[in-house]
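Asks: Handing over coords_39.tsv, TSV, C-alpha atoms.
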```tsv
chain	number	residue	atom	x	y	z
A	24	MET	CA	75.92	121.28	155.83
A	25	ALA	CA	74.20	119.82	152.75
A	26	THR	CA	76.06	120.15	149.47
A	27	PRO	CA	74.10	122.42	147.09
A	28	ALA	CA	72.81	120.98	143.81
A	29	PRO	CA	74.82	121.41	140.60
A	30	GLN	CA	73.61	123.84	137.94
A	31	VAL	CA	73.35	123.38	134.17
A	32	LEU	CA	75.51	125.92	132.31
A	33	TYR	CA	75.17	124.57	128.75
A	34	LEU	CA	73.23	121.76	127.09
A	35	ASP	CA	72.79	120.48	123.54
A	36	ASN	CA	72.61	117.09	121.82
A	37	HIS	CA	76.36	116.56	122.20
A	38	LEU	CA	77.43	118.33	125.39
A	39	LEU	CA	76.46	119.01	128.97
A	40	VAL	CA	78.40	121.57	131.02
A	41	LEU	CA	77.70	121.61	134.77
A	42	ASP	CA	78.66	123.81	137.70
A	43	LYS	CA	80.08	121.49	140.36
A	44	PRO	CA	79.66	122.61	143.96
A	45	TRP	CA	82.57	122.29	146.35
A	46	GLY	CA	82.55	118.95	148.18
A	47	MET	CA	81.06	116.83	145.37
A	48	LEU	CA	82.94	114.16	143.43
A	49	THR	CA	83.20	114.60	139.67
A	50	GLN	CA	82.81	110.86	138.98
A	51	PRO	CA	81.56	107.86	140.99
A	52	SER	CA	84.13	106.45	143.40
A	53	GLY	CA	82.49	103.10	144.15
A	54	THR	CA	81.62	104.23	147.69
A	55	GLY	CA	78.02	105.16	146.98
A	56	GLU	CA	78.77	108.85	147.43
A	57	ALA	CA	76.93	111.26	145.15
A	58	SER	CA	78.85	112.46	142.09
A	59	LEU	CA	78.39	115.12	139.43
A	60	GLU	CA	78.30	112.49	136.68
A	61	GLU	CA	75.46	110.59	138.34
A	62	TRP	CA	73.57	113.84	138.91
A	63	GLY	CA	73.99	114.69	135.22
A	64	LYS	CA	72.70	111.30	134.08
A	65	ALA	CA	69.64	111.60	136.33
A	66	TYR	CA	69.00	115.12	135.03
A	67	LEU	CA	69.14	114.02	131.37
A	68	LYS	CA	67.00	110.96	132.03
A	69	GLU	CA	64.27	113.10	133.59
A	70	ARG	CA	64.61	116.04	131.17
A	71	PHE	CA	64.27	113.91	128.03
A	72	GLY	CA	62.35	110.92	129.43
A	73	LYS	CA	65.13	108.55	128.41
A	74	PRO	CA	64.56	104.84	129.05
A	75	GLY	CA	67.54	102.70	130.05
A	76	ARG	CA	71.09	103.88	130.46
A	77	VAL	CA	72.26	107.40	129.67
A	78	PHE	CA	75.66	108.01	128.05
A	79	LEU	CA	77.59	110.74	129.84
A	80	GLU	CA	81.37	110.93	130.21
A	81	ALA	CA	83.54	113.60	131.82
A	82	VAL	CA	85.98	115.20	129.37
A	83	HIS	CA	88.03	116.64	132.25
A	84	ARG	CA	87.85	116.43	136.04
A	85	ILE	CA	88.30	118.70	139.00
A	86	ASP	CA	89.01	117.63	142.58
A	87	ARG	CA	86.22	117.14	145.09
A	88	VAL	CA	87.52	120.19	147.01
A	89	VAL	CA	87.31	122.44	143.91
A	90	GLY	CA	84.13	124.01	142.53
A	91	GLY	CA	83.12	125.20	139.08
A	92	VAL	CA	82.88	124.29	135.41
A	93	VAL	CA	83.02	120.64	134.28
A	94	LEU	CA	82.43	119.48	130.68
A	95	PHE	CA	80.70	116.20	129.81
A	96	ALA	CA	80.20	114.51	126.44
A	97	ARG	CA	76.77	113.07	125.65
A	98	THR	CA	77.96	110.87	122.77
A	99	SER	CA	81.02	108.70	122.14
A	100	LYS	CA	81.83	110.72	118.99
A	101	ALA	CA	81.81	113.99	120.96
A	102	LEU	CA	83.97	112.41	123.67
A	103	SER	CA	86.55	111.20	121.15
A	104	ARG	CA	86.76	114.58	119.41
A	105	LEU	CA	86.97	116.53	122.65
A	106	ASN	CA	89.68	114.25	124.02
A	107	GLU	CA	91.66	114.75	120.81
A	108	CYS	CA	91.18	118.52	121.06
A	109	GLN	CA	92.36	118.49	124.65
A	110	ARG	CA	95.50	116.55	123.72
A	111	ALA	CA	96.16	119.16	121.02
A	112	HIS	CA	95.88	121.92	123.67
A	113	GLY	CA	92.68	123.30	122.17
A	114	PHE	CA	91.11	123.95	125.58
A	115	GLU	CA	91.58	127.16	127.56
A	116	LYS	CA	90.94	126.83	131.30
A	117	GLU	CA	90.88	129.73	133.70
A	118	TYR	CA	90.59	129.54	137.48
A	119	ARG	CA	90.05	131.89	140.38
A	120	ALA	CA	92.24	131.25	143.41
A	121	LEU	CA	91.90	132.79	146.86
A	122	VAL	CA	95.33	132.56	148.48
A	123	TRP	CA	96.56	133.00	152.03
A	124	GLY	CA	99.00	135.91	151.79
A	125	THR	CA	99.66	138.43	149.04
A	126	LEU	CA	101.91	138.69	146.01
A	127	LYS	CA	103.55	141.79	147.43
A	128	GLU	CA	104.45	139.99	150.66
A	129	ARG	CA	106.15	137.27	148.59
A	130	ALA	CA	107.97	139.84	146.42
A	131	LEU	CA	106.08	138.67	143.33
A	132	PRO	CA	104.78	141.01	140.59
A	133	GLY	CA	101.06	141.64	140.18
A	134	GLU	CA	101.04	139.31	137.20
A	135	GLY	CA	103.51	136.76	135.96
A	136	GLU	CA	104.35	133.12	135.41
A	137	LEU	CA	105.26	130.33	137.81
A	138	ARG	CA	107.36	127.35	136.72
A	139	HIS	CA	108.22	124.37	138.89
A	140	TRP	CA	109.08	120.70	138.58
A	141	LEU	CA	106.60	118.42	140.34
A	142	LEU	CA	106.27	114.76	141.18
A	143	HIS	CA	102.92	112.99	141.56
A	144	GLY	CA	103.18	111.51	145.06
A	145	GLU	CA	100.76	109.71	147.35
A	146	HIS	CA	97.58	111.81	146.98
A	147	ALA	CA	99.68	114.98	146.65
A	148	ALA	CA	102.21	116.66	144.34
A	149	ARG	CA	105.62	117.64	145.63
A	150	LEU	CA	108.43	119.85	144.40
A	151	ALA	CA	111.19	118.08	142.51
A	152	SER	CA	114.47	118.81	140.75
A	153	PRO	CA	114.56	118.99	136.93
A	154	GLY	CA	116.68	115.83	136.74
A	155	GLU	CA	114.59	113.80	139.16
A	156	VAL	CA	113.04	110.61	137.80
A	157	ASP	CA	109.39	111.09	136.73
A	158	ALA	CA	109.49	114.84	137.53
A	159	ARG	CA	107.44	116.97	135.14
A	160	GLU	CA	107.68	120.68	134.44
A	161	CYS	CA	104.58	122.69	135.34
A	162	ALA	CA	103.70	126.24	134.34
A	163	LEU	CA	100.84	128.64	134.97
A	164	ARG	CA	100.14	132.33	134.52
A	165	TYR	CA	98.58	134.40	137.28
A	166	ALA	CA	97.29	137.95	137.73
A	167	SER	CA	95.94	139.74	140.77
A	168	GLU	CA	92.20	140.42	140.84
A	169	ALA	CA	91.90	141.98	144.31
A	170	ILE	CA	93.68	142.26	147.66
A	171	LEU	CA	91.16	141.45	150.37
A	172	PRO	CA	90.84	142.07	154.10
A	173	GLY	CA	92.49	139.53	156.35
A	174	GLY	CA	95.68	139.15	154.34
A	175	THR	CA	94.30	137.25	151.34
A	176	GLU	CA	94.40	137.91	147.60
A	177	LEU	CA	92.18	136.80	144.74
A	178	LEU	CA	94.14	135.63	141.70
A	179	ARG	CA	93.20	134.81	138.12
A	180	VAL	CA	95.07	131.68	137.03
A	181	ARG	CA	95.49	130.19	133.55
A	182	LEU	CA	97.11	126.79	133.16
A	183	LEU	CA	99.91	126.38	130.64
A	184	THR	CA	100.31	122.70	131.51
A	185	GLY	CA	97.91	120.24	133.10
A	186	ARG	CA	99.45	118.31	135.98
A	187	TYR	CA	98.13	116.66	139.13
A	188	HIS	CA	97.29	119.27	141.83
A	189	GLN	CA	99.32	121.76	139.81
A	190	ILE	CA	97.68	125.00	140.96
A	191	ARG	CA	97.57	123.87	144.58
A	192	ALA	CA	101.22	122.79	144.62
A	193	GLN	CA	102.65	125.70	142.62
A	194	LEU	CA	100.92	128.44	144.59
A	195	ALA	CA	101.96	126.77	147.84
A	196	ALA	CA	105.54	126.58	146.56
A	197	ALA	CA	105.37	130.34	145.93
A	198	GLY	CA	104.32	130.87	149.57
A	199	LEU	CA	100.65	131.43	148.71
A	200	PRO	CA	98.65	128.31	149.64
A	201	LEU	CA	94.97	128.26	148.72
A	202	CYS	CA	92.67	129.17	151.59
A	203	GLY	CA	91.51	126.05	153.37
A	204	ASP	CA	94.09	123.81	151.67
A	205	GLY	CA	95.75	122.26	154.71
A	206	LYS	CA	97.30	119.55	152.54
A	207	TYR	CA	99.54	122.22	150.99
A	208	GLY	CA	100.28	124.25	154.08
A	209	ALA	CA	97.36	126.66	154.54
A	210	PRO	CA	96.58	127.34	158.22
A	211	GLU	CA	93.22	126.37	159.68
A	212	ALA	CA	92.38	130.07	160.09
A	213	SER	CA	92.33	130.44	156.29
A	214	ARG	CA	89.06	128.50	156.14
A	215	GLN	CA	87.26	131.57	157.40
A	216	ALA	CA	88.34	133.60	154.36
A	217	THR	CA	85.90	132.01	151.91
A	218	PRO	CA	82.61	130.09	152.14
A	219	ALA	CA	84.12	127.63	149.63
A	220	ALA	CA	86.50	126.34	152.30
A	221	GLN	CA	83.59	125.05	154.36
A	222	GLU	CA	83.32	122.19	151.83
A	223	GLY	CA	86.60	122.48	149.95
A	224	ILE	CA	89.36	124.99	149.22
A	225	GLY	CA	89.68	128.46	147.72
A	226	LEU	CA	89.88	127.31	144.11
A	227	LEU	CA	87.22	127.73	141.42
A	228	SER	CA	87.19	126.38	137.87
A	229	PHE	CA	86.02	129.73	136.52
A	230	SER	CA	85.77	129.30	132.75
A	231	LEU	CA	86.35	126.87	129.91
A	232	SER	CA	86.75	127.68	126.21
A	233	PHE	CA	86.87	124.99	123.52
A	234	PRO	CA	85.68	124.24	119.96
A	235	HIS	CA	82.34	122.45	119.73
A	236	PRO	CA	82.99	118.83	118.64
A	237	VAL	CA	80.44	119.03	115.78
A	238	THR	CA	79.95	122.67	114.74
A	239	ARG	CA	83.58	123.66	115.54
A	240	GLN	CA	82.24	126.96	116.86
A	241	ARG	CA	84.26	128.06	119.88
A	242	LEU	CA	82.27	127.95	123.10
A	243	HIS	CA	83.02	129.89	126.26
A	244	VAL	CA	81.32	128.87	129.51
A	245	GLU	CA	81.69	130.55	132.92
A	246	THR	CA	80.72	129.41	136.39
A	247	ARG	CA	77.93	131.06	138.40
A	248	LEU	CA	79.71	130.29	141.67
A	249	SER	CA	81.85	132.76	143.62
A	250	LEU	CA	84.72	132.37	146.06
A	251	LEU	CA	83.67	135.51	147.91
A	252	GLU	CA	79.95	134.91	148.48
A	253	GLY	CA	78.05	132.30	150.41
```
Would you mind writing the file out in structure tokens?

Replies:
Amino acid sequence: MATPAPQVLYLDNHLLVLDKPWGMLTQPSGTGEASLEEWGKAYLKERFGKPGRVFLEAVHRIDRVVGGVVLFARTSKALSRLNECQRAHGFEKEYRALVWGTLKERALPGEGELRHWLLHGEHAARLASPGEVDARECALRYASEAILPGGTELLRVRLLTGRYHQIRAQLAAAGLPLCGDGKYGAPEASRQATPAAQEGIGLLSFSLSFPHPVTRQRLHVETRLSLLEG
């Protein structure tokens, strides 16, 4: 199955926000595989008839197996200011997660907070003890959006910290692995629950809010993708 093309969600002289399809890399990997960054550069080059190289740098990244909103800076000044804003926790990121199982089955409330200690392992995050060397505390807030046929539930997730594979590892630790995420314990049958799992997993970078690096006006951008539709 061919990976669908990205979509432009926002564009000005300083920023480009793209909708990344599941299965596409955010940045080049050196393997010659297509990436969102390369697609963005080609788009800008054609749109504005730019000769030579095009400056475009990802301000944040999402895994190949995740779809949705990704922010790029079009100038070095914008990149520097956005990176500083991100370090100061000026970004708000919200996700949609389709999980295998339900909150009720795991004796969890319809909305709440998850806190765990995680270690960044070999291409995966694993649960750790608070005193373990290099372990970092992770926290997220979740709320139920809908209970769906087939024993799955759609959750709204907001990150309180930003750690490697945090949503994937924390939901799995709560007994609710993302559909299609075999790395964190989801059964193969869960791939049938969402079209996203044909190319990735049941996780969508749904929205991003942040202050514009020049105007300081707060921007809010949402994906056009859906976990529940093909």

Asks: One decimal, Å: what's the distance from CA of Gly113 in chain A over to CA of Pro236 in chain A, could you say?

Replies: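 Taking CA of Gly113 in chain A as the start and CA of Pro236 in chain A as the end point, the length is 11.2 Å.
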
Asks: Which residue gives the smallest distance to Thr217 in chain A among A:Leu121, A:Leu126, A:Val40, A:Phe114, with all atoms listed in the file counted?

Replies: A:Leu121

Asks: Would you tabulate, counting only C-alpha atoms, all residues of range 87-205 of chain A that have an atom at most 9 Å from an atom of range 223-228 of chain A, showing the closest pair of atoms and their distance in Å to one decimal, sorted by chain then ascending number, as a tab-separated table?

Replies:
```
residue	atom	partner	partner_atom	distance
A:Arg87	CA	A:Gly223	CA	7.2
A:Val88	CA	A:Gly223	CA	3.8
A:Val89	CA	A:Leu226	CA	5.5
A:Gly90	CA	A:Leu227	CA	5.0
A:Gly91	CA	A:Ser228	CA	4.4
A:Val92	CA	A:Ser228	CA	5.4
A:Val93	CA	A:Ser228	CA	8.0
A:Lys116	CA	A:Ser228	CA	7.6
A:Glu117	CA	A:Ser228	CA	6.5
A:Tyr118	CA	A:Ser228	CA	4.7
A:Arg119	CA	A:Leu227	CA	5.1
A:Ala120	CA	A:Leu226	CA	4.6
A:Leu121	CA	A:Gly225	CA	4.9
A:Val122	CA	A:Gly225	CA	7.0
A:Ile190	CA	A:Leu226	CA	8.7
A:Arg191	CA	A:Leu226	CA	8.4
A:Leu201	CA	A:Gly225	CA	5.4
A:Cys202	CA	A:Gly225	CA	4.9
A:Gly203	CA	A:Ile224	CA	4.8
A:Asp204	CA	A:Ile224	CA	5.5
A:Gly205	CA	A:Ile224	CA	8.9
```

Asks: Quick one, how far is CA of Ala169 in chain A from CA of Gly133 in chain A?

Replies: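 Distance reported for this atom pair: 10.1 Å.
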
Asks: Expressed in Å to a single decimal, how great is the separation between CA of Thr238 in chain A and CA of His37 in chain A?

Replies: 10.3 Å

Asks: Which residues are near range 49-64 of chain A? Cut-off 9 Å, all atoms listed in the file, ignore same chain within fewer than 4 positions. Put them as a count of residues only.

Replies: 22

Asks: Which residue out of A:Lys73, A:Arg186, A:His146, A:Arg214 has the minimum interatomic distance to Leu250 in chain A when only C-alpha atoms are used?

Replies: A:Arg214

Asks: Return the single residue from A:Ala197, A:Val156, A:Cys161, A:Val180 that is closest to Ser230 in chain A, with distances computed using all atoms listed in the file.

Replies: A:Val180

Asks: Enumerate, as a PyMOL selection string, the protein, DNA and RNA residues whose atoms approach (102.0, 130.1, 136.4) to within 10 Å, taking into account only C-alpha atoms and the coordinate frame of the file.

Replies: chain A and resi 134-139+161-166+180-184+189-190+193-194

Asks: Taking (82.3, 123.4, 153.9) in the file's coordinates, which residues come within 8 Å, counting only C-alpha atoms, written as a CSV table (one decimal) with C-alpha atoms, in the coordinates of the input?

Replies:
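Below is the file that was written, selection.csv:
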```csv
chain,number,residue,atom,x,y,z
A,24,MET,CA,75.9,121.3,155.8
A,45,TRP,CA,82.6,122.3,146.4
A,46,GLY,CA,82.6,119.0,148.2
A,218,PRO,CA,82.6,130.1,152.1
A,219,ALA,CA,84.1,127.6,149.6
A,220,ALA,CA,86.5,126.3,152.3
A,221,GLN,CA,83.6,125.0,154.4
A,222,GLU,CA,83.3,122.2,151.8
A,223,GLY,CA,86.6,122.5,150.0
```

Asks: Nearest residue to Leu199 in chain A out of A:Leu178, A:Leu248, A:Leu242, A:Leu67, using only C-alpha atoms?

Replies: A:Leu178

Asks: Looking at only C-alpha atoms, which of A:Asn36, A:Ser232, A:Trp140, A:Gly198 is the one that sits closest to Ser99 in chain A?

Replies: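 Checking each of A:Asn36, A:Ser232, A:Trp140, A:Gly198 against Ser99 in chain A, counting only C-alpha atoms, the winner is A:Asn36.
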
Asks: With only C-alpha atoms as the counted atoms, please give the residues lying no more than 8 Å from Thr175 in chain A, apart from itself and same-chain residues fewer than 5 positions off, as a list in words.

Replies: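 Listing them by chain and then by number gives Leu121, Val122, Trp123, Gly124, Thr125, Ile170 and Ala216 of chain A.
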
Asks: Output C-alpha atoms of each residue in that selection to a file, as an mmCIF file, keeping the file's coordinate frame.

Replies:
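What follows is the written file again10.cif:
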```
data_model
loop_
_atom_site.group_PDB
_atom_site.id
_atom_site.type_symbol
_atom_site.label_atom_id
_atom_site.label_comp_id
_atom_site.auth_asym_id
_atom_site.auth_seq_id
_atom_site.Cartn_x
_atom_site.Cartn_y
_atom_site.Cartn_z
ATOM 1 C CA LEU A 121 91.900 132.790 146.860
ATOM 2 C CA VAL A 122 95.330 132.560 148.480
ATOM 3 C CA TRP A 123 96.560 133.000 152.030
ATOM 4 C CA GLY A 124 99.000 135.910 151.790
ATOM 5 C CA THR A 125 99.660 138.430 149.040
ATOM 6 C CA ILE A 170 93.680 142.260 147.660
ATOM 7 C CA ALA A 216 88.340 133.600 154.360
#
```

Asks: Have range 36-47 of chain A completed to all heavy atoms, please, and pass it along as a compact mmCIF listing (two decimals), in the frame of the given file.

Replies:
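Listed below is the output, result-v9.txt:
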```txt
# COMPACT_ATOMS: atom_id res chain seq x y z
N ASN A 36 72.67 118.53 122.09
CA ASN A 36 72.61 117.09 121.82
C ASN A 36 73.95 116.39 122.03
O ASN A 36 73.99 115.15 122.10
CB ASN A 36 72.15 116.84 120.37
CG ASN A 36 70.70 117.21 120.17
OD1 ASN A 36 69.91 117.21 121.11
ND2 ASN A 36 70.34 117.54 118.93
N HIS A 37 75.02 117.15 122.13
CA HIS A 37 76.36 116.56 122.20
C HIS A 37 77.07 116.81 123.53
O HIS A 37 77.98 116.05 123.89
CB HIS A 37 77.22 117.12 121.07
CG HIS A 37 76.54 117.11 119.73
ND1 HIS A 37 76.45 115.98 118.95
CD2 HIS A 37 75.89 118.10 119.06
CE1 HIS A 37 75.77 116.26 117.84
NE2 HIS A 37 75.43 117.53 117.88
N LEU A 38 76.68 117.88 124.22
CA LEU A 38 77.43 118.33 125.39
C LEU A 38 76.52 118.64 126.57
O LEU A 38 75.36 119.01 126.40
CB LEU A 38 78.20 119.62 125.06
CG LEU A 38 79.11 119.63 123.85
CD1 LEU A 38 79.64 121.04 123.61
CD2 LEU A 38 80.26 118.65 124.03
N LEU A 39 77.08 118.51 127.75
CA LEU A 39 76.46 119.01 128.97
C LEU A 39 77.58 119.63 129.81
O LEU A 39 78.59 118.97 130.09
CB LEU A 39 75.79 117.87 129.76
CG LEU A 39 75.21 118.23 131.12
CD1 LEU A 39 74.05 119.23 130.99
CD2 LEU A 39 74.74 116.98 131.87
N VAL A 40 77.42 120.90 130.16
CA VAL A 40 78.40 121.57 131.02
C VAL A 40 77.70 121.89 132.34
O VAL A 40 76.64 122.52 132.36
CB VAL A 40 78.94 122.86 130.39
CG1 VAL A 40 80.06 123.44 131.27
CG2 VAL A 40 79.47 122.59 128.98
N LEU A 41 78.30 121.45 133.44
CA LEU A 41 77.70 121.61 134.77
C LEU A 41 78.60 122.43 135.68
O LEU A 41 79.83 122.45 135.52
CB LEU A 41 77.46 120.24 135.42
CG LEU A 41 76.47 119.31 134.71
CD1 LEU A 41 76.43 117.95 135.43
CD2 LEU A 41 75.08 119.92 134.67
N ASP A 42 77.98 123.10 136.63
CA ASP A 42 78.66 123.81 137.70
C ASP A 42 78.72 122.88 138.91
O ASP A 42 77.69 122.56 139.50
CB ASP A 42 77.86 125.07 138.07
CG ASP A 42 78.71 126.33 138.10
OD1 ASP A 42 79.94 126.21 137.98
OD2 ASP A 42 78.13 127.42 138.23
N LYS A 43 79.92 122.42 139.24
CA LYS A 43 80.08 121.49 140.36
C LYS A 43 80.27 122.24 141.66
O LYS A 43 81.18 123.06 141.78
CB LYS A 43 81.28 120.57 140.13
CG LYS A 43 81.42 119.48 141.21
CD LYS A 43 82.65 118.64 141.02
CE LYS A 43 83.88 119.25 141.64
NZ LYS A 43 83.82 119.32 143.13
N PRO A 44 79.43 121.97 142.66
CA PRO A 44 79.66 122.61 143.96
C PRO A 44 80.88 122.02 144.66
O PRO A 44 81.27 120.88 144.40
CB PRO A 44 78.37 122.29 144.73
CG PRO A 44 77.82 121.07 144.08
CD PRO A 44 78.24 121.11 142.64
N TRP A 45 81.48 122.81 145.53
CA TRP A 45 82.57 122.29 146.35
C TRP A 45 82.07 121.12 147.20
O TRP A 45 80.94 121.15 147.72
CB TRP A 45 83.09 123.38 147.28
CG TRP A 45 83.88 124.45 146.58
CD1 TRP A 45 85.21 124.41 146.26
CD2 TRP A 45 83.41 125.72 146.12
NE1 TRP A 45 85.59 125.58 145.63
CE2 TRP A 45 84.51 126.41 145.53
CE3 TRP A 45 82.16 126.36 146.16
CZ2 TRP A 45 84.40 127.68 144.99
CZ3 TRP A 45 82.05 127.64 145.61
CH2 TRP A 45 83.15 128.28 145.03
N GLY A 46 82.90 120.09 147.33
CA GLY A 46 82.55 118.95 148.18
C GLY A 46 81.94 117.78 147.44
O GLY A 46 81.73 116.73 148.04
N MET A 47 81.66 117.92 146.15
CA MET A 47 81.06 116.83 145.37
C MET A 47 82.11 116.20 144.47
O MET A 47 82.93 116.88 143.87
CB MET A 47 79.88 117.35 144.54
CG MET A 47 79.25 116.31 143.64
SD MET A 47 77.84 116.94 142.67
CE MET A 47 76.50 116.59 143.80
```
